[in-house]
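Okay, data_7.cif now, which holds mmCIF, N, CA and C atoms:
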```cif
data_coords
loop_
_atom_site.label_atom_id
_atom_site.label_comp_id
_atom_site.auth_asym_id
_atom_site.auth_seq_id
_atom_site.Cartn_x
_atom_site.Cartn_y
_atom_site.Cartn_z
N MET A 109 -16.65 16.46 -14.63
CA MET A 109 -16.31 15.13 -14.20
C MET A 109 -15.14 15.19 -13.22
N ALA A 110 -15.19 14.37 -12.23
CA ALA A 110 -14.12 14.33 -11.23
C ALA A 110 -12.92 13.58 -11.80
N GLU A 111 -11.74 14.05 -11.43
CA GLU A 111 -10.52 13.38 -11.87
C GLU A 111 -10.34 12.09 -11.07
N PRO A 112 -9.75 11.06 -11.69
CA PRO A 112 -9.49 9.83 -10.94
C PRO A 112 -8.43 10.06 -9.87
N ARG A 113 -8.57 9.38 -8.78
CA ARG A 113 -7.60 9.53 -7.68
C ARG A 113 -6.31 8.81 -8.04
N PRO A 114 -5.18 9.37 -7.61
CA PRO A 114 -3.91 8.67 -7.86
C PRO A 114 -3.83 7.40 -7.00
N PRO A 115 -3.11 6.40 -7.47
CA PRO A 115 -3.02 5.15 -6.70
C PRO A 115 -2.21 5.34 -5.42
N ILE A 116 -2.54 4.54 -4.41
CA ILE A 116 -1.83 4.54 -3.13
C ILE A 116 -0.99 3.27 -3.09
N VAL A 117 0.31 3.43 -2.84
CA VAL A 117 1.24 2.31 -2.82
C VAL A 117 1.65 2.06 -1.38
N VAL A 118 1.45 0.84 -0.90
CA VAL A 118 1.73 0.50 0.50
C VAL A 118 2.68 -0.70 0.55
N VAL A 119 3.76 -0.57 1.31
CA VAL A 119 4.68 -1.68 1.58
C VAL A 119 4.50 -2.04 3.05
N TYR A 120 4.23 -3.31 3.32
CA TYR A 120 3.92 -3.72 4.69
C TYR A 120 4.48 -5.10 4.99
N ARG A 121 4.52 -5.40 6.30
CA ARG A 121 4.87 -6.73 6.80
C ARG A 121 3.68 -7.23 7.59
N LYS A 122 3.53 -8.54 7.68
CA LYS A 122 2.36 -9.10 8.37
C LYS A 122 2.52 -9.16 9.87
N SER A 123 3.76 -8.99 10.38
CA SER A 123 3.96 -8.90 11.83
C SER A 123 5.22 -8.08 12.08
N GLU A 124 5.42 -7.71 13.31
CA GLU A 124 6.56 -6.88 13.72
C GLU A 124 7.89 -7.60 13.45
N ARG A 125 7.92 -8.91 13.63
CA ARG A 125 9.17 -9.68 13.49
C ARG A 125 9.39 -10.24 12.08
N ALA A 126 8.43 -10.09 11.21
CA ALA A 126 8.54 -10.66 9.87
C ALA A 126 9.58 -9.92 9.04
N ASN A 127 10.29 -10.67 8.20
CA ASN A 127 11.26 -10.08 7.29
C ASN A 127 10.67 -9.89 5.90
N LYS A 128 9.74 -10.73 5.52
CA LYS A 128 9.14 -10.67 4.18
C LYS A 128 8.21 -9.47 4.08
N LYS A 129 8.37 -8.72 3.00
CA LYS A 129 7.55 -7.53 2.78
C LYS A 129 6.64 -7.76 1.59
N TYR A 130 5.49 -7.12 1.63
CA TYR A 130 4.49 -7.20 0.58
C TYR A 130 4.18 -5.79 0.11
N MET A 131 3.79 -5.67 -1.17
CA MET A 131 3.40 -4.37 -1.70
C MET A 131 2.03 -4.48 -2.34
N THR A 132 1.18 -3.51 -2.04
CA THR A 132 -0.15 -3.46 -2.60
C THR A 132 -0.39 -2.07 -3.17
N VAL A 133 -0.99 -2.02 -4.35
CA VAL A 133 -1.37 -0.76 -4.99
C VAL A 133 -2.90 -0.69 -4.93
N ILE A 134 -3.41 0.38 -4.32
CA ILE A 134 -4.84 0.54 -4.10
C ILE A 134 -5.34 1.69 -4.97
N TYR A 135 -6.34 1.40 -5.80
CA TYR A 135 -6.92 2.39 -6.70
C TYR A 135 -8.27 2.86 -6.17
N ASN A 136 -8.63 4.09 -6.47
CA ASN A 136 -9.94 4.68 -6.17
C ASN A 136 -10.29 4.70 -4.69
N LYS A 137 -9.31 4.87 -3.85
CA LYS A 137 -9.53 5.03 -2.41
C LYS A 137 -8.78 6.27 -1.96
N SER A 138 -9.17 6.79 -0.83
CA SER A 138 -8.44 7.92 -0.26
C SER A 138 -7.36 7.40 0.68
N ILE A 139 -6.33 8.19 0.88
CA ILE A 139 -5.23 7.79 1.77
C ILE A 139 -5.74 7.56 3.19
N ASP A 140 -6.76 8.31 3.58
CA ASP A 140 -7.32 8.16 4.92
C ASP A 140 -7.96 6.79 5.12
N ASP A 141 -8.53 6.23 4.05
CA ASP A 141 -9.13 4.89 4.14
C ASP A 141 -8.09 3.82 4.44
N VAL A 142 -6.85 4.05 4.03
CA VAL A 142 -5.78 3.07 4.23
C VAL A 142 -5.16 3.23 5.62
N ILE A 143 -4.95 4.46 6.03
CA ILE A 143 -4.22 4.72 7.28
C ILE A 143 -5.09 4.54 8.52
N THR A 144 -6.31 5.03 8.49
CA THR A 144 -7.15 4.99 9.69
C THR A 144 -7.66 3.59 9.98
N LYS A 145 -7.94 3.36 11.24
CA LYS A 145 -8.49 2.07 11.65
C LYS A 145 -10.01 2.14 11.47
N LYS A 146 -10.52 1.25 10.65
CA LYS A 146 -11.96 1.18 10.43
C LYS A 146 -12.37 -0.28 10.29
N ARG A 147 -13.62 -0.49 10.07
CA ARG A 147 -14.17 -1.84 10.12
C ARG A 147 -13.57 -2.78 9.06
N LYS A 148 -13.53 -2.38 7.81
CA LYS A 148 -12.98 -3.23 6.74
C LYS A 148 -11.97 -2.42 5.92
N PRO A 149 -10.76 -2.28 6.44
CA PRO A 149 -9.76 -1.53 5.68
C PRO A 149 -9.21 -2.36 4.52
N PRO A 150 -8.64 -1.73 3.50
CA PRO A 150 -8.06 -2.49 2.39
C PRO A 150 -6.85 -3.33 2.82
N ILE A 151 -6.13 -2.87 3.85
CA ILE A 151 -5.01 -3.63 4.42
C ILE A 151 -5.31 -3.82 5.90
N ASP A 152 -5.15 -5.03 6.38
CA ASP A 152 -5.51 -5.37 7.76
C ASP A 152 -4.82 -4.45 8.77
N ASN A 153 -5.54 -4.09 9.82
CA ASN A 153 -5.01 -3.19 10.84
C ASN A 153 -3.85 -3.79 11.62
N SER A 154 -3.71 -5.11 11.64
CA SER A 154 -2.64 -5.74 12.40
C SER A 154 -1.30 -5.72 11.65
N PHE A 155 -1.31 -5.41 10.36
CA PHE A 155 -0.08 -5.38 9.57
C PHE A 155 0.73 -4.13 9.90
N VAL A 156 2.05 -4.24 9.76
CA VAL A 156 2.97 -3.13 10.02
C VAL A 156 3.29 -2.45 8.69
N ILE A 157 2.93 -1.17 8.55
CA ILE A 157 3.18 -0.42 7.32
C ILE A 157 4.59 0.14 7.38
N ASP A 158 5.43 -0.24 6.40
CA ASP A 158 6.80 0.25 6.32
C ASP A 158 6.88 1.53 5.50
N ASP A 159 6.22 1.58 4.36
CA ASP A 159 6.22 2.76 3.48
C ASP A 159 4.85 2.92 2.86
N ILE A 160 4.50 4.18 2.62
CA ILE A 160 3.25 4.48 1.94
C ILE A 160 3.47 5.71 1.07
N GLY A 161 2.96 5.68 -0.15
CA GLY A 161 3.12 6.80 -1.06
C GLY A 161 1.92 6.94 -1.97
N VAL A 162 1.73 8.14 -2.51
CA VAL A 162 0.61 8.41 -3.39
C VAL A 162 1.15 8.75 -4.78
N GLY A 163 0.79 7.95 -5.77
CA GLY A 163 1.21 8.19 -7.14
C GLY A 163 1.88 6.98 -7.75
N THR A 164 1.90 6.94 -9.09
CA THR A 164 2.48 5.80 -9.79
C THR A 164 3.99 5.75 -9.68
N PHE A 165 4.62 6.87 -9.38
CA PHE A 165 6.08 6.91 -9.22
C PHE A 165 6.56 5.94 -8.16
N PHE A 166 5.79 5.80 -7.09
CA PHE A 166 6.22 4.98 -5.95
C PHE A 166 6.17 3.49 -6.23
N ILE A 167 5.48 3.04 -7.26
CA ILE A 167 5.44 1.61 -7.57
C ILE A 167 6.84 1.11 -7.90
N GLU A 168 7.49 1.72 -8.87
CA GLU A 168 8.84 1.30 -9.25
C GLU A 168 9.86 1.64 -8.15
N GLU A 169 9.69 2.77 -7.51
CA GLU A 169 10.63 3.21 -6.47
C GLU A 169 10.67 2.22 -5.31
N TYR A 170 9.51 1.82 -4.82
CA TYR A 170 9.45 0.89 -3.68
C TYR A 170 9.85 -0.52 -4.10
N MET A 171 9.61 -0.90 -5.35
CA MET A 171 10.04 -2.22 -5.80
C MET A 171 11.56 -2.32 -5.78
N LYS A 172 12.24 -1.25 -6.19
CA LYS A 172 13.71 -1.23 -6.14
C LYS A 172 14.22 -1.14 -4.71
N GLN A 173 13.63 -0.24 -3.94
CA GLN A 173 14.10 0.02 -2.58
C GLN A 173 13.96 -1.20 -1.68
N HIS A 174 12.84 -1.92 -1.78
CA HIS A 174 12.57 -3.06 -0.90
C HIS A 174 12.86 -4.40 -1.58
N LYS A 175 13.38 -4.37 -2.81
CA LYS A 175 13.74 -5.57 -3.57
C LYS A 175 12.56 -6.53 -3.73
N LEU A 176 11.45 -5.99 -4.23
CA LEU A 176 10.24 -6.77 -4.45
C LEU A 176 10.10 -7.08 -5.94
N ASN A 177 9.53 -8.24 -6.25
CA ASN A 177 9.35 -8.64 -7.64
C ASN A 177 7.94 -8.45 -8.15
N LYS A 178 6.96 -8.47 -7.26
CA LYS A 178 5.57 -8.36 -7.68
C LYS A 178 4.78 -7.59 -6.63
N TYR A 179 3.55 -7.23 -7.01
CA TYR A 179 2.67 -6.52 -6.08
C TYR A 179 1.23 -6.86 -6.36
N ASN A 180 0.37 -6.63 -5.38
CA ASN A 180 -1.06 -6.86 -5.51
C ASN A 180 -1.75 -5.58 -5.92
N LYS A 181 -2.89 -5.72 -6.62
CA LYS A 181 -3.69 -4.57 -7.00
C LYS A 181 -5.07 -4.71 -6.37
N ILE A 182 -5.54 -3.63 -5.80
CA ILE A 182 -6.91 -3.58 -5.26
C ILE A 182 -7.61 -2.44 -5.97
N LYS A 183 -8.69 -2.76 -6.66
CA LYS A 183 -9.43 -1.72 -7.41
C LYS A 183 -10.70 -1.35 -6.73
#
```
As structure tokens - that is how I would like this structure written.
Amino acid sequence: MAEPRPPIVVVYRKSERANKKYMTVIYNKSIDDVITKKRKPPIDNSFVIDDIGVGTFFIEEYMKQHKLNKYNKIK
């Protein structure tokens, strides 16, 4: 049986000038699916990615670093 993929944690802004940051945790996807430009990415191609990490460690780390209270989950 294949091992489950570690979650990908992404912190992004919706535009270059935006101050508000959002965090999304993506399960069962490869990091390449998030970073590369494709037809239906999990995070819109127009968003500005501030931080990206692989693993559950980055959920708490980025919440503290970017002062976020909640995050979205994509399964």
Between stretch 124-151 of chain A and stretch 160-174 of chain A, at 8 Å or less, what are the per-residue closest atom pairs and their distances in Å? Count all atoms listed in the file, order by chain and rising residue number, and return it as a Markdown table.
```
| residue | atom | partner | partner_atom | distance |
| --- | --- | --- | --- | --- |
| A:Lys129 | CA | A:His174 | C | 7.6 |
| A:Met131 | CA | A:Tyr170 | C | 7.9 |
| A:Val133 | CA | A:Ile167 | CA | 7.7 |
| A:Ile139 | CA | A:Val162 | CA | 7.8 |
```
May I have all residues of chain A that DSSP, computed from the backbone, assigns to strand (DSSP E), given as a CSV table (one decimal) with N, CA and C atoms, keeping the file's coordinate frame?
```csv
chain,number,residue,atom,x,y,z
A,116,ILE,N,-2.5,4.5,-4.4
A,116,ILE,CA,-1.8,4.5,-3.1
A,116,ILE,C,-1.0,3.3,-3.1
A,117,VAL,N,0.3,3.4,-2.8
A,117,VAL,CA,1.2,2.3,-2.8
A,117,VAL,C,1.6,2.1,-1.4
A,118,VAL,N,1.4,0.8,-0.9
A,118,VAL,CA,1.7,0.5,0.5
A,118,VAL,C,2.7,-0.7,0.6
A,119,VAL,N,3.8,-0.6,1.3
A,119,VAL,CA,4.7,-1.7,1.6
A,119,VAL,C,4.5,-2.0,3.0
A,120,TYR,N,4.2,-3.3,3.3
A,120,TYR,CA,3.9,-3.7,4.7
A,120,TYR,C,4.5,-5.1,5.0
A,121,ARG,N,4.5,-5.4,6.3
A,121,ARG,CA,4.9,-6.7,6.8
A,121,ARG,C,3.7,-7.2,7.6
A,130,TYR,N,5.5,-7.1,1.6
A,130,TYR,CA,4.5,-7.2,0.6
A,130,TYR,C,4.2,-5.8,0.1
A,131,MET,N,3.8,-5.7,-1.2
A,131,MET,CA,3.4,-4.4,-1.7
A,131,MET,C,2.0,-4.5,-2.3
A,132,THR,N,1.2,-3.5,-2.0
A,132,THR,CA,-0.2,-3.5,-2.6
A,132,THR,C,-0.4,-2.1,-3.2
A,133,VAL,N,-1.0,-2.0,-4.4
A,133,VAL,CA,-1.4,-0.8,-5.0
A,133,VAL,C,-2.9,-0.7,-4.9
A,134,ILE,N,-3.4,0.4,-4.3
A,134,ILE,CA,-4.8,0.5,-4.1
A,134,ILE,C,-5.3,1.7,-5.0
A,156,VAL,N,2.0,-4.2,9.8
A,156,VAL,CA,3.0,-3.1,10.0
A,156,VAL,C,3.3,-2.4,8.7
A,157,ILE,N,2.9,-1.2,8.6
A,157,ILE,CA,3.2,-0.4,7.3
A,157,ILE,C,4.6,0.1,7.4
A,158,ASP,N,5.4,-0.2,6.4
A,158,ASP,CA,6.8,0.2,6.3
A,158,ASP,C,6.9,1.5,5.5
A,159,ASP,N,6.2,1.6,4.4
A,159,ASP,CA,6.2,2.8,3.5
A,159,ASP,C,4.8,2.9,2.9
A,160,ILE,N,4.5,4.2,2.6
A,160,ILE,CA,3.2,4.5,1.9
A,160,ILE,C,3.5,5.7,1.1
A,161,GLY,N,3.0,5.7,-0.2
A,161,GLY,CA,3.1,6.8,-1.1
A,161,GLY,C,1.9,6.9,-2.0
A,162,VAL,N,1.7,8.1,-2.5
A,162,VAL,CA,0.6,8.4,-3.4
A,162,VAL,C,1.2,8.8,-4.8
A,180,ASN,N,0.4,-6.6,-5.4
A,180,ASN,CA,-1.1,-6.9,-5.5
A,180,ASN,C,-1.8,-5.6,-5.9
A,181,LYS,N,-2.9,-5.7,-6.6
A,181,LYS,CA,-3.7,-4.6,-7.0
A,181,LYS,C,-5.1,-4.7,-6.4
A,182,ILE,N,-5.5,-3.6,-5.8
A,182,ILE,CA,-6.9,-3.6,-5.3
A,182,ILE,C,-7.6,-2.4,-6.0
```
Q | Backbone DSSP call of alpha helix (DSSP H) for chain A, listed as number ranges by chain | A | A: 139-143, 165-173
Q | Pairwise distance for atom CA of A:Ile182 and atom CA of A:Glu111, rounded to one decimal in Å | A |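 Atom-to-atom, atom CA of A:Ile182 and atom CA of A:Glu111 are spaced 18.6 Å apart.
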Q. Quick one, how far is atom CA of A:Val156 from atom CA of A:Thr144?
A.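 About the pair atom CA of A:Val156 and atom CA of A:Thr144: they are 13.0 Å apart.
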Q: Rounded to one decimal place, report the atom N of A:Tyr130-atom C of A:Lys178 distance in Å.
A: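 Atom C of A:Lys178 lies at a distance of 8.3 Å from atom N of A:Tyr130.
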Q.
Taking 4 positions as the minimum chain separation for residues in the same chain, which residues sit within 6.5 Å of A:Asp141 when counting only N, CA and C atoms? Answer as a list in words.
A.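 Near neighbours after the sequence-gap exclusion: Lys137, Pro149 and Pro150 of chain A.
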Which residues match the PyMOL selection byres ((chain A and resi 158) around 6) in the file above, as a PDB file with N, CA and C atoms, in the coordinates of the input?
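Now in selection-v4.pdb:
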```pdb
ATOM      1  N   VAL A 119       3.760  -0.570   1.310  1.00  0.00           N
ATOM      2  CA  VAL A 119       4.680  -1.680   1.580  1.00  0.00           C
ATOM      3  C   VAL A 119       4.500  -2.040   3.050  1.00  0.00           C
ATOM      4  N   TYR A 120       4.230  -3.310   3.320  1.00  0.00           N
ATOM      5  CA  TYR A 120       3.920  -3.720   4.690  1.00  0.00           C
ATOM      6  C   TYR A 120       4.480  -5.100   4.990  1.00  0.00           C
ATOM      7  N   ARG A 121       4.520  -5.400   6.300  1.00  0.00           N
ATOM      8  CA  ARG A 121       4.870  -6.730   6.800  1.00  0.00           C
ATOM      9  C   ARG A 121       3.680  -7.230   7.590  1.00  0.00           C
ATOM     10  N   VAL A 156       2.050  -4.240   9.760  1.00  0.00           N
ATOM     11  CA  VAL A 156       2.970  -3.130  10.020  1.00  0.00           C
ATOM     12  C   VAL A 156       3.290  -2.450   8.690  1.00  0.00           C
ATOM     13  N   ILE A 157       2.930  -1.170   8.550  1.00  0.00           N
ATOM     14  CA  ILE A 157       3.180  -0.420   7.320  1.00  0.00           C
ATOM     15  C   ILE A 157       4.590   0.140   7.380  1.00  0.00           C
ATOM     16  N   ASP A 159       6.220   1.580   4.360  1.00  0.00           N
ATOM     17  CA  ASP A 159       6.220   2.760   3.480  1.00  0.00           C
ATOM     18  C   ASP A 159       4.850   2.920   2.860  1.00  0.00           C
ATOM     19  N   ILE A 160       4.500   4.180   2.620  1.00  0.00           N
ATOM     20  CA  ILE A 160       3.250   4.480   1.940  1.00  0.00           C
ATOM     21  C   ILE A 160       3.470   5.710   1.070  1.00  0.00           C
TER      22      ILE A 160
END
```
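Of the residues listed (A:Asp140, A:Lys183, A:Phe155, A:Leu176), A:Phe155 shows the shortest atom-to-atom separation from A:Lys122; distances use only N, CA and C atoms.
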Q | Nearest candidate to A:Tyr135 (options A:Arg147, A:Asp152, A:Pro115, A:Ser123; using all atoms listed in the file) | A |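 Closest candidate: A:Pro115.
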